[in-house]
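Enquirer: My file is run.cif. It has mmCIF, C-alpha atoms and all ligand atoms:
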data_my_file
loop_
_atom_site.label_atom_id
_atom_site.label_comp_id
_atom_site.auth_asym_id
_atom_site.auth_seq_id
_atom_site.Cartn_x
_atom_site.Cartn_y
_atom_site.Cartn_z
CA MET H 1 85.51 63.67 -239.07
CA ASP H 2 86.67 64.03 -242.67
CA LEU H 3 87.22 60.65 -244.33
CA SER H 4 88.73 61.86 -247.61
CA LEU H 5 92.47 62.16 -248.24
CA THR H 6 93.98 65.54 -249.11
CA GLU H 7 95.98 65.82 -252.33
CA SER H 8 99.29 65.47 -250.47
CA GLU H 9 98.01 62.50 -248.46
CA ALA H 10 96.92 60.75 -251.66
CA ALA H 11 100.36 61.47 -253.16
CA PHE H 12 101.98 60.01 -250.04
CA ARG H 13 99.82 56.87 -250.34
CA ASP H 14 100.84 56.45 -253.99
CA GLU H 15 104.52 56.90 -253.13
CA VAL H 16 104.32 54.24 -250.38
CA ARG H 17 102.35 51.85 -252.58
CA THR H 18 104.78 52.15 -255.49
CA TRP H 19 107.82 51.67 -253.24
CA LEU H 20 106.31 48.59 -251.59
CA GLN H 21 105.32 47.06 -254.93
CA GLU H 22 108.79 47.65 -256.38
CA ASN H 23 110.65 46.42 -253.30
CA HIS H 24 108.45 43.62 -251.96
CA PRO H 25 110.84 40.91 -250.70
CA GLY H 26 108.66 37.99 -251.86
CA PRO H 27 107.40 35.12 -249.71
CA SER H 28 109.05 34.38 -246.35
CA PRO H 29 111.07 31.15 -246.04
CA GLU H 30 108.90 28.48 -244.42
CA GLY H 31 109.65 25.91 -241.73
CA ASP H 32 112.86 27.50 -240.42
CA ASP H 33 112.37 30.09 -237.64
CA GLN H 34 115.93 31.40 -237.86
CA ALA H 35 115.90 31.82 -241.65
CA GLU H 36 112.53 33.59 -241.40
CA PHE H 37 113.85 35.96 -238.74
CA GLU H 38 116.93 36.85 -240.82
CA PHE H 39 114.69 37.38 -243.86
CA ARG H 40 112.67 39.90 -241.83
CA ARG H 41 115.86 41.56 -240.58
CA SER H 42 117.09 42.16 -244.11
CA TRP H 43 113.63 43.45 -245.11
CA GLN H 44 113.80 45.92 -242.21
CA ARG H 45 117.28 47.02 -243.30
CA LYS H 46 115.97 47.70 -246.80
CA MET H 47 113.08 49.73 -245.40
CA HIS H 48 115.48 51.66 -243.18
CA GLU H 49 117.81 52.47 -246.08
CA ALA H 50 114.83 53.97 -247.92
CA GLY H 51 113.81 55.90 -244.77
CA TRP H 52 110.61 53.94 -244.05
CA ALA H 53 111.57 51.95 -240.91
CA GLY H 54 110.87 54.71 -238.37
CA ILE H 55 107.82 56.16 -240.09
CA SER H 56 106.44 57.68 -236.86
CA TRP H 57 109.80 58.66 -235.36
CA PRO H 58 110.93 62.32 -235.53
CA GLN H 59 113.32 63.07 -238.39
CA GLU H 60 116.11 64.18 -236.02
CA TYR H 61 116.29 60.56 -234.76
CA GLY H 62 116.41 58.95 -238.20
CA GLY H 63 112.65 58.63 -238.64
CA LYS H 64 110.26 60.08 -241.19
CA GLY H 65 108.28 62.34 -238.85
CA ALA H 66 105.02 61.27 -240.52
CA THR H 67 101.70 62.72 -239.37
CA LEU H 68 99.18 60.40 -237.71
CA ILE H 69 97.18 60.26 -240.94
CA GLU H 70 100.32 59.35 -242.90
CA GLN H 71 101.12 56.63 -240.36
CA ALA H 72 97.61 55.22 -240.76
CA ILE H 73 97.97 55.30 -244.57
CA PHE H 74 101.40 53.66 -244.34
CA ASN H 75 100.12 50.84 -242.10
CA GLU H 76 97.19 50.23 -244.44
CA GLU H 77 99.54 49.96 -247.40
CA LEU H 78 101.87 47.55 -245.55
CA ALA H 79 98.93 45.27 -244.84
CA ARG H 80 97.48 45.68 -248.36
CA GLU H 81 100.76 44.60 -249.97
CA SER H 82 101.20 41.72 -247.44
CA VAL H 83 104.80 42.59 -246.64
CA PRO H 84 106.53 40.76 -243.76
CA ALA H 85 106.76 42.40 -240.34
CA PRO H 86 110.14 43.99 -239.57
CA ALA H 87 112.39 41.82 -237.35
CA ASN H 88 112.82 44.43 -234.62
CA VAL H 89 109.13 45.07 -234.14
CA LEU H 90 109.36 45.61 -230.36
CA GLY H 91 112.26 48.03 -230.76
CA LEU H 92 110.49 50.02 -233.48
CA VAL H 93 107.05 50.14 -231.84
CA MET H 94 108.03 50.41 -228.15
CA GLY H 95 111.77 50.60 -227.34
CA GLY H 96 112.67 53.46 -229.69
CA PRO H 97 109.58 55.59 -228.96
CA VAL H 98 110.16 55.19 -225.18
CA VAL H 99 113.83 56.20 -225.48
CA ILE H 100 112.79 59.19 -227.62
CA ALA H 101 110.09 60.22 -225.12
CA GLN H 102 111.91 59.61 -221.84
CA GLY H 103 115.58 58.81 -222.56
CA THR H 104 118.65 61.05 -222.19
CA ASP H 105 120.59 62.40 -225.19
CA ASP H 106 123.31 59.78 -224.61
CA GLN H 107 120.74 56.99 -224.58
CA LYS H 108 119.23 58.25 -227.85
CA GLU H 109 122.67 58.43 -229.40
CA ARG H 110 123.53 54.89 -228.26
CA TRP H 111 120.34 52.98 -229.04
CA LEU H 112 118.18 54.52 -231.73
CA GLU H 113 120.10 53.90 -234.96
CA PRO H 114 120.70 50.14 -234.36
CA ILE H 115 116.97 49.75 -233.56
CA LEU H 116 116.05 51.26 -236.92
CA SER H 117 118.58 49.22 -238.90
CA GLY H 118 117.64 45.96 -237.10
CA ASP H 119 121.27 45.43 -236.03
CA GLU H 120 120.23 45.27 -232.36
CA ILE H 121 116.98 43.48 -231.56
CA TRP H 122 114.90 44.49 -228.51
CA CYS H 123 112.56 42.52 -226.28
CA GLN H 124 110.15 43.43 -223.50
CA GLY H 125 110.77 41.87 -220.06
CA PHE H 126 107.62 42.83 -218.19
CA SER H 127 105.54 39.67 -217.49
CA GLU H 128 106.55 37.21 -214.78
CA PRO H 129 105.09 33.82 -213.80
CA GLU H 130 102.94 35.51 -211.11
CA SER H 131 102.53 38.94 -212.72
CA GLY H 132 100.76 39.51 -216.02
CA SER H 133 97.63 41.65 -215.97
CA ASP H 134 98.58 42.78 -212.46
CA LEU H 135 102.01 43.84 -213.66
CA ALA H 136 102.80 46.07 -210.67
CA SER H 137 103.04 42.96 -208.46
CA LEU H 138 106.28 41.96 -210.23
CA LYS H 139 109.06 40.47 -208.10
CA ALA H 140 112.32 40.63 -210.11
CA ARG H 141 114.70 42.54 -207.86
CA ALA H 142 117.49 45.01 -208.62
CA VAL H 143 120.05 45.78 -205.92
CA LYS H 144 122.46 48.73 -206.08
CA SER H 145 126.09 47.84 -206.67
CA ASN H 146 129.11 49.90 -207.77
CA GLY H 147 128.02 52.23 -210.58
CA GLY H 148 125.00 50.13 -211.39
CA TRP H 149 122.55 47.40 -210.41
CA LYS H 150 122.43 43.63 -210.10
CA VAL H 151 119.14 42.06 -211.16
CA THR H 152 117.83 38.68 -210.00
CA GLY H 153 114.50 37.15 -210.97
CA GLN H 154 112.48 35.56 -213.78
CA LYS H 155 110.53 36.87 -216.76
CA VAL H 156 108.23 34.88 -219.02
CA TRP H 157 106.55 35.04 -222.47
CA THR H 158 109.38 37.29 -223.64
CA THR H 159 108.96 37.55 -227.40
CA TYR H 160 112.28 37.42 -229.34
CA ALA H 161 114.41 37.27 -226.14
CA HIS H 162 116.46 34.61 -227.96
CA GLU H 163 117.32 37.13 -230.70
CA ALA H 164 117.60 40.23 -228.53
CA LYS H 165 120.59 42.33 -227.60
CA TRP H 166 118.55 44.59 -225.29
CA CYS H 167 115.59 44.05 -222.97
CA MET H 168 113.16 46.67 -221.62
CA LEU H 169 113.20 45.32 -218.09
CA LEU H 170 111.03 46.19 -215.10
CA ALA H 171 112.50 45.32 -211.70
CA ARG H 172 111.73 46.25 -208.11
CA THR H 173 114.35 48.57 -206.59
CA ASP H 174 112.49 49.44 -203.37
CA GLN H 175 110.86 46.59 -201.47
CA ASP H 176 109.20 48.92 -198.94
CA ALA H 177 107.57 51.42 -201.33
CA PRO H 178 103.92 50.99 -202.46
CA LYS H 179 103.90 48.48 -205.36
CA HIS H 180 103.63 51.05 -208.20
CA LYS H 181 106.36 53.27 -206.72
CA GLY H 182 109.24 50.85 -206.11
CA ILE H 183 109.80 49.82 -209.75
CA THR H 184 112.64 50.98 -212.04
CA TYR H 185 112.89 50.67 -215.84
CA PHE H 186 116.19 49.24 -217.06
CA ILE H 187 117.66 48.44 -220.43
CA LEU H 188 119.36 45.11 -219.83
CA ASP H 189 122.20 43.80 -222.01
CA MET H 190 121.10 40.24 -222.83
CA GLU H 191 124.60 39.16 -223.82
CA GLN H 192 126.10 38.52 -220.37
CA PRO H 193 126.67 35.49 -218.08
CA GLY H 194 123.91 36.49 -215.59
CA VAL H 195 121.18 36.11 -218.23
CA GLU H 196 119.82 32.76 -219.40
CA VAL H 197 117.16 32.51 -222.10
CA ARG H 198 115.07 29.35 -222.47
CA PRO H 199 112.71 29.04 -225.43
CA LEU H 200 109.03 28.19 -224.92
CA ARG H 201 107.43 26.26 -227.76
CA GLN H 202 103.96 27.47 -228.69
CA ILE H 203 100.91 25.55 -229.87
CA THR H 204 101.93 26.49 -233.45
CA GLY H 205 105.27 24.68 -233.05
CA GLU H 206 107.26 27.94 -233.18
CA ALA H 207 109.39 29.15 -230.29
CA GLU H 208 108.62 32.85 -230.66
CA PHE H 209 108.81 33.59 -226.94
CA ASN H 210 110.94 32.57 -223.97
CA GLU H 211 111.63 32.49 -220.26
CA ILE H 212 114.47 34.71 -218.99
CA PHE H 213 116.35 33.79 -215.83
CA MET H 214 118.51 36.52 -214.29
CA GLU H 215 121.09 35.85 -211.58
CA GLU H 216 122.84 39.05 -210.53
CA ALA H 217 122.66 40.32 -214.11
CA GLU H 218 124.44 43.66 -214.36
CA VAL H 219 122.95 46.93 -215.56
CA PRO H 220 124.99 50.16 -215.41
CA ASP H 221 123.37 53.34 -214.05
CA GLU H 222 123.33 54.89 -217.53
CA ASN H 223 120.87 52.18 -218.65
CA VAL H 224 118.08 53.37 -216.34
CA ILE H 225 115.25 55.12 -218.21
CA GLY H 226 113.54 57.84 -216.20
CA ASP H 227 114.02 58.02 -212.43
CA VAL H 228 114.97 55.22 -210.06
CA GLY H 229 111.58 54.22 -208.58
CA GLY H 230 109.79 55.97 -211.48
CA GLY H 231 109.62 52.92 -213.76
CA TRP H 232 105.85 52.49 -213.63
CA GLN H 233 105.28 55.70 -215.61
CA VAL H 234 107.78 54.58 -218.26
CA ALA H 235 106.07 51.17 -218.39
CA ILE H 236 102.68 52.82 -219.00
CA THR H 237 104.21 54.85 -221.84
CA THR H 238 105.56 51.60 -223.32
CA LEU H 239 102.16 49.90 -223.13
CA MET H 240 100.49 52.91 -224.73
CA PHE H 241 102.87 52.62 -227.69
CA GLU H 242 102.29 48.85 -227.80
CA ARG H 243 98.52 49.16 -228.03
CA ALA H 244 98.69 51.97 -230.58
CA GLY H 245 101.06 49.79 -232.64
CA LEU H 246 98.79 46.76 -232.46
CA GLY H 247 95.73 48.76 -233.42
CA ALA H 248 97.42 50.47 -236.34
CA ALA H 249 97.47 47.69 -238.92
CA ALA H 250 94.59 45.71 -237.47
CA VAL H 251 91.75 46.61 -239.83
CA MET H 252 93.69 45.98 -243.01
CA GLY H 253 95.02 42.69 -241.67
CA LEU H 254 91.47 41.59 -240.83
CA ARG H 255 90.32 42.55 -244.31
CA ARG H 256 92.98 40.33 -245.82
CA THR H 257 91.93 37.45 -243.61
CA LEU H 258 88.30 38.01 -244.63
CA ASN H 259 89.23 38.05 -248.34
CA ASP H 260 91.11 34.76 -247.85
CA LEU H 261 88.06 33.33 -246.08
CA ILE H 262 85.75 34.38 -248.93
CA ALA H 263 88.14 32.79 -251.44
CA LEU H 264 88.10 29.56 -249.43
CA VAL H 265 84.30 29.59 -249.17
CA THR H 266 84.08 29.99 -252.97
CA GLU H 267 86.70 27.31 -253.61
CA ARG H 268 84.68 24.86 -251.48
CA GLY H 269 81.44 25.77 -253.31
CA LEU H 270 79.76 27.21 -250.22
CA GLU H 271 79.12 30.75 -251.51
CA ASP H 272 75.33 30.20 -251.74
CA ASP H 273 74.95 28.63 -248.32
CA PRO H 274 72.75 31.11 -246.38
CA LEU H 275 74.40 30.44 -243.00
CA VAL H 276 77.89 30.88 -244.44
CA ARG H 277 76.78 34.09 -246.21
CA GLN H 278 75.30 35.45 -242.99
CA ARG H 279 78.50 34.88 -241.02
CA VAL H 280 80.65 36.43 -243.75
CA ALA H 281 78.30 39.44 -243.84
CA GLU H 282 78.61 39.84 -240.06
CA PHE H 283 82.42 39.95 -240.38
CA GLN H 284 82.16 42.46 -243.22
CA ILE H 285 79.93 44.76 -241.16
CA GLY H 286 81.98 44.36 -237.96
CA ILE H 287 85.28 45.12 -239.70
CA GLU H 288 83.84 48.18 -241.45
CA ALA H 289 82.49 49.46 -238.11
CA MET H 290 85.94 48.88 -236.66
CA ARG H 291 87.56 50.87 -239.50
CA LEU H 292 85.25 53.82 -238.86
CA GLY H 293 85.87 53.56 -235.11
CA ALA H 294 89.63 53.63 -235.74
CA LEU H 295 89.22 56.79 -237.84
CA ARG H 296 87.19 58.40 -235.05
CA THR H 297 89.95 57.53 -232.54
CA LEU H 298 92.52 58.99 -234.94
CA THR H 299 90.54 62.22 -235.23
CA ALA H 300 90.36 62.47 -231.42
CA THR H 301 94.09 61.79 -231.07
CA MET H 302 94.87 64.51 -233.63
CA LYS H 303 92.90 66.98 -231.52
CA THR H 304 94.37 66.03 -228.12
CA GLY H 305 97.79 64.66 -229.14
CA ILE H 306 97.35 61.65 -226.82
CA PRO H 307 95.80 58.26 -227.69
CA GLY H 308 92.87 57.70 -225.34
CA PRO H 309 91.59 54.55 -223.59
CA GLU H 310 89.23 53.83 -226.52
CA GLY H 311 92.28 52.35 -228.31
CA SER H 312 91.57 49.23 -226.20
CA LEU H 313 88.38 48.66 -228.18
CA GLY H 314 90.30 48.12 -231.44
CA LYS H 315 92.60 45.55 -229.80
CA TRP H 316 89.61 43.67 -228.36
CA GLN H 317 87.70 43.68 -231.68
CA TRP H 318 90.79 42.61 -233.62
CA ALA H 319 91.22 39.57 -231.34
CA LYS H 320 87.51 38.75 -231.57
CA TYR H 321 87.23 38.91 -235.37
CA ASN H 322 90.57 37.26 -236.07
CA GLN H 323 89.74 34.33 -233.83
CA ALA H 324 86.21 33.96 -235.25
CA MET H 325 87.38 34.14 -238.89
CA THR H 326 90.28 31.69 -238.47
CA GLU H 327 87.90 29.33 -236.67
CA MET H 328 85.39 29.55 -239.50
CA ALA H 329 88.17 28.99 -242.08
CA SER H 330 89.10 25.77 -240.26
CA GLU H 331 85.46 24.60 -240.42
CA VAL H 332 85.09 25.49 -244.10
CA ALA H 333 88.39 23.77 -244.98
CA GLY H 334 87.10 20.51 -243.48
CA PRO H 335 89.85 17.93 -242.77
CA ASP H 336 92.50 20.32 -244.22
CA GLY H 337 91.54 22.79 -241.50
CA VAL H 338 92.91 20.54 -238.78
CA LYS H 339 95.93 19.13 -240.62
CA VAL H 340 99.33 19.99 -239.18
CA GLY H 341 101.37 22.28 -241.39
CA THR H 342 98.62 24.00 -243.41
CA GLU H 343 98.28 27.80 -243.42
CA THR H 344 94.67 27.49 -242.21
CA THR H 345 95.69 25.40 -239.18
CA TYR H 346 98.61 27.70 -238.41
CA ARG H 347 96.43 30.81 -238.45
CA PHE H 348 93.76 29.16 -236.30
CA LEU H 349 96.29 28.06 -233.69
CA ARG H 350 98.21 31.38 -233.67
CA SER H 351 95.00 33.38 -233.22
CA ARG H 352 94.38 31.68 -229.84
CA ALA H 353 96.98 34.06 -228.33
CA ASN H 354 95.29 37.19 -229.70
CA SER H 355 93.00 37.61 -226.70
CA ILE H 356 95.98 37.33 -224.29
CA GLU H 357 98.95 39.14 -225.93
CA GLY H 358 99.16 42.92 -225.50
CA GLY H 359 96.49 42.89 -222.75
CA THR H 360 93.78 40.24 -222.25
CA THR H 361 90.29 40.80 -223.57
CA GLU H 362 88.83 40.82 -220.05
CA VAL H 363 91.26 43.50 -218.90
CA LEU H 364 90.56 45.60 -222.02
CA GLN H 365 86.83 45.26 -221.33
CA ASN H 366 87.41 46.60 -217.81
CA ILE H 367 89.30 49.59 -219.26
CA ILE H 368 86.48 50.32 -221.70
CA ALA H 369 83.81 49.92 -218.99
CA GLU H 370 85.56 52.21 -216.53
CA ARG H 371 87.44 54.75 -218.64
CA VAL H 372 85.37 55.03 -221.83
CA LEU H 373 81.83 54.30 -220.59
CA GLY H 374 82.37 55.71 -217.07
CA LEU H 375 80.87 52.67 -215.33
CA PRO H 376 81.73 52.14 -211.64
CA ARG H 377 85.06 50.47 -210.86
CA LEU H 378 85.02 46.70 -210.29
CA ARG H 379 86.86 47.03 -207.00
C1 LIG H 401 101.97 35.56 -227.92
C2 LIG H 401 102.30 36.29 -226.66
C3 LIG H 401 103.40 37.13 -226.62
C4 LIG H 401 103.74 37.81 -225.44
N1 LIG H 401 104.87 38.60 -225.43
C5 LIG H 401 105.24 39.22 -224.27
C6 LIG H 401 106.46 39.98 -224.22
O1 LIG H 401 107.20 40.09 -225.20
N2 LIG H 401 106.80 40.55 -223.03
C7 LIG H 401 106.03 40.46 -221.91
O2 LIG H 401 106.39 41.02 -220.89
N3 LIG H 401 104.86 39.74 -221.93
C8 LIG H 401 104.46 39.11 -223.07
N4 LIG H 401 103.31 38.35 -223.11
C9 LIG H 401 102.56 38.17 -221.86
C10 LIG H 401 101.22 38.91 -221.84
O3 LIG H 401 101.40 40.28 -221.72
C11 LIG H 401 100.45 38.31 -220.64
O4 LIG H 401 100.20 36.95 -220.94
C12 LIG H 401 99.16 39.04 -220.41
O5 LIG H 401 99.40 40.33 -219.92
C13 LIG H 401 98.28 38.28 -219.39
O6 LIG H 401 98.98 37.96 -218.24
P1 LIG H 401 98.99 36.46 -217.66
O7 LIG H 401 99.33 35.53 -218.77
O8 LIG H 401 99.83 36.45 -216.44
O9 LIG H 401 97.48 36.17 -217.26
P2 LIG H 401 96.69 36.69 -215.93
O10 LIG H 401 96.93 38.15 -215.75
O11 LIG H 401 97.08 35.77 -214.81
O12 LIG H 401 95.23 36.44 -216.37
C14 LIG H 401 94.59 35.15 -216.28
C15 LIG H 401 93.13 35.33 -216.65
O13 LIG H 401 92.49 36.19 -215.68
C16 LIG H 401 91.88 37.29 -216.33
N5 LIG H 401 92.01 38.51 -215.50
C17 LIG H 401 93.15 38.98 -214.92
N6 LIG H 401 92.90 40.13 -214.26
C18 LIG H 401 91.58 40.40 -214.43
C19 LIG H 401 90.71 41.46 -214.02
N7 LIG H 401 91.17 42.47 -213.28
N8 LIG H 401 89.43 41.41 -214.41
C20 LIG H 401 88.94 40.38 -215.17
N9 LIG H 401 89.71 39.35 -215.60
C21 LIG H 401 91.01 39.36 -215.24
C22 LIG H 401 92.63 37.46 -217.64
O14 LIG H 401 91.83 38.11 -218.61
C23 LIG H 401 92.93 36.01 -218.02
O15 LIG H 401 91.81 35.43 -218.64
C24 LIG H 401 102.95 37.67 -224.27
C25 LIG H 401 101.82 36.83 -224.31
C26 LIG H 401 101.50 36.14 -225.48
C27 LIG H 401 100.30 35.23 -225.47
#
Mind turning this structure into structure tokens?

Expert:
Amino acid sequence: MDLSLTESEAAFRDEVRTWLQENHPGPSPEGDDQAEFEFRRSWQRKMHEAGWAGISWPQEYGGKGATLIEQAIFNEELARESVPAPANVLGLVMGGPVVIAQGTDDQKERWLEPILSGDEIWCQGFSEPESGSDLASLKARAVKSNGGWKVTGQKVWTTYAHEAKWCMLLARTDQDAPKHKGITYFILDMEQPGVEVRPLRQITGEAEFNEIFMEEAEVPDENVIGDVGGGWQVAITTLMFERAGLGAAAVMGLRRTLNDLIALVTERGLEDDPLVRQRVAEFQIGIEAMRLGALRTLTATMKTGIPGPEGSLGKWQWAKYNQAMTEMASEVAGPDGVKVGTETTYRFLRSRANSIEGGTTEVLQNIIAERVLGLPRLR
């Protein structure tokens, strides 16, 4: 493992840093979900116009074709400069890469450019009320009709469904096949009478995710990705991109949170308290170990071309440290740490979801036990 940047990688880092500093959109509007979303959409458009939106996408599809090292540098710089997340994060991280990997030429032609520009937002309709970790037990049903399919069923926790034009949708097309084999991967047009989106308000007060109710919602044959009945494989590819995307900016984001925590500790005059110092030091050490682990994973991926199961470790650690640091910030802030509307309270409340979203901590621990450490399977 070589931790130093080559001359061209350092030049790339400087180019990214300069562009971000010169084009930073400023602080996001507060207290208005819709205004904040549109702010992030126009930031994404600006990034796209400068060629940065699809950093990891191949150049032939409007991306930058960056190497894995360049992607890691880019993600570090985004976090360092505290820029907002692009609006179409699910399209950029999952939808586009899945269409590139497994879509037809027509599908690439139709969907990729509006994902990059943010003109068409994507969401991910996988989870159902009875199917989360055990995703293959999903029950939404698609029945063949003239030139397409009619889908009936319910999805839940669907982030940005209320903004989305397209949904990566898993539905059962064969009731008799074994559960992993009877699933098909559709791209559902959200703007049709058979689709109803109902917002779910979170503990933070935002309605970032939703329920989707589908009643004979129509999907044409050309919106199937992969084979009919072959949706599970496409879903696994999607989840692999999701986890890689989550892991990418994690360390730098944690570092920022730690710096904010240290500033708060100093502001409250607690910098000499030995117990506070010890906890801060533990975060410092844990996050540095995580950074080195991420570099080791990157080195392995560069050799094999495929992210391995050890990527689950970064997601688990990110959830653990983010929750612990936001909790400590609430303690240090005293009464301000539990007041509605403060940044400290918001971060504490939002971090509660970290150990659930993108795979629960328990499920990630199983993956690490079985596939990284080679321990016997649970069942
Ligand atoms: C903020 C947020 C955004 C989300 N966005 C989306 C989205 O856009 N699209 C989408 O499809 N989904 C989304 N989800 C849903 C998310 O993927 C699921 O919540 C997650 O997969 C867990 O599923 P579940 O909620 O059904 O819990 P369950 O799977 O029912 O788990 C319940 C508990 O049992 C534990 N458990 C389950 N199986 C095992 C096992 N084998 N071994 C040990 N413990 C186990 C879990 O760890 C958990 O503690 C989102 C969730 C959150 C919190």

Enquirer: Taking all atoms listed in the file into account, which of H:Leu170, H:Val234, H:Ala53, H:Leu90 comes nearest Glu113 (chain H)?

Expert: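 Comparing H:Leu170, H:Val234, H:Ala53, H:Leu90 against Glu113 (chain H), the winner is H:Ala53.
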
Enquirer: (117.9, 51.0, -234.3) in this file's frame - what residues fall within 9 Å of it? Use all atoms listed in the file and give the answer as a PyMOL selection string.

Expert: chain H and resi 54+62+88+91-92+96+111-121

Enquirer: Given only C-alpha atoms as the basis, pick out the residue of H:Phe37, H:Ile236, H:Glu222, H:Tyr321 nearest to Glu282 (chain H).

Expert: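 Ranking H:Phe37, H:Ile236, H:Glu222, H:Tyr321 by distance to Glu282 (chain H), first place goes to H:Tyr321.
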
Enquirer: Using all atoms listed in the file, find each protein or nucleic acid residue lying at most 10 Å from ligand LIG 401 (chain H); present the set as a VMD selection string.

Expert: chain H and resid 90 122 to 135 155 to 161 167 to 170 202 208 to 211 239 350 to 367 378 to 379

Enquirer: Write out as number ranges by chain which residues come within 12 Å of Gly308 (chain H) when counting only C-alpha atoms, dropping same-chain ones fewer than 2 positions away.

Expert: H: 240-241, 243-244, 294, 296-306, 310-314, 367-368, 371-372

Enquirer: So what do you get for CA of Met94 (chain H) versus CA of Glu242 (chain H), distance-wise?

Expert: 6.0 Å

Enquirer: Which polymer residues have any atom within 12 Å of an atom of Val265 (chain H), counting all atoms listed in the file, with same-chain residues fewer than 6 positions away left out, as a list in words?

Expert: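 Contacts, with the query itself left out: Leu258, Asn259, Glu271, Asp272, Asp273, Pro274, Leu275, Val276, Arg277, Arg279, Val280, Met325, Met328, Ala329, Ser330, Glu331, Val332, Ala333 and Gly334 of chain H.
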
Enquirer: Write out as a list of chain:residue names the residues lying within 10 Å of Val224 (chain H), counting all atoms listed in the file and excluding same-chain residues fewer than 6 positions away.

Expert: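 Contacts, in chain order: H:Gly103, H:Thr104, H:Gln107, H:Gly148, H:Trp149, H:Met168, H:Leu169, H:Thr184, H:Tyr185, H:Phe186, H:Ile187, H:Leu188, H:Gly230, H:Gly231.
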
Enquirer: Could you work out how far CA of Ala66 (chain H) lies from CA of Trp19 (chain H), giving the answer in Å with one decimal?

Expert: 16.2 Å

Enquirer: Using only C-alpha atoms, can you tell me which of H:Glu70, H:Asp189, H:Glu49, H:Glu163 comes closest to Asp33 (chain H)?

Expert: H:Glu163

Enquirer: Measuring atom to atom with only C-alpha atoms, identify which of H:Glu60, H:Glu216, H:Arg41, H:Glu81 is nearest to Glu109 (chain H).

Expert: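 Ranked by minimum distance to Glu109 (chain H), first place goes to H:Glu60.
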
Enquirer: Quick one, how far is CA of Pro84 (chain H) from CA of Arg255 (chain H)?

Expert: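 Answer for the CA of Pro84 (chain H) to CA of Arg255 (chain H) separation: 16.3 Å.
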
Enquirer: My list of candidates is H:Met190, H:Ala50, H:Ile100, H:Ala11. Which is closest to Ala217 (chain H) when distances are computed with all atoms listed in the file?

Expert: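 For Ala217 (chain H), the nearest of the candidates is H:Met190.
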
Enquirer: Env of Ile55 (chain H): 6 Å cut, atoms = all atoms listed in the file, seq-sep filter 3 positions within chain, self excluded. Answer as a count of residues only.

Expert: 4

Enquirer: From the list H:Ala369, H:Ala35, H:Ala319, H:Val251, which residue is nearest Ile73 (chain H) when using only C-alpha atoms?

Expert: H:Val251
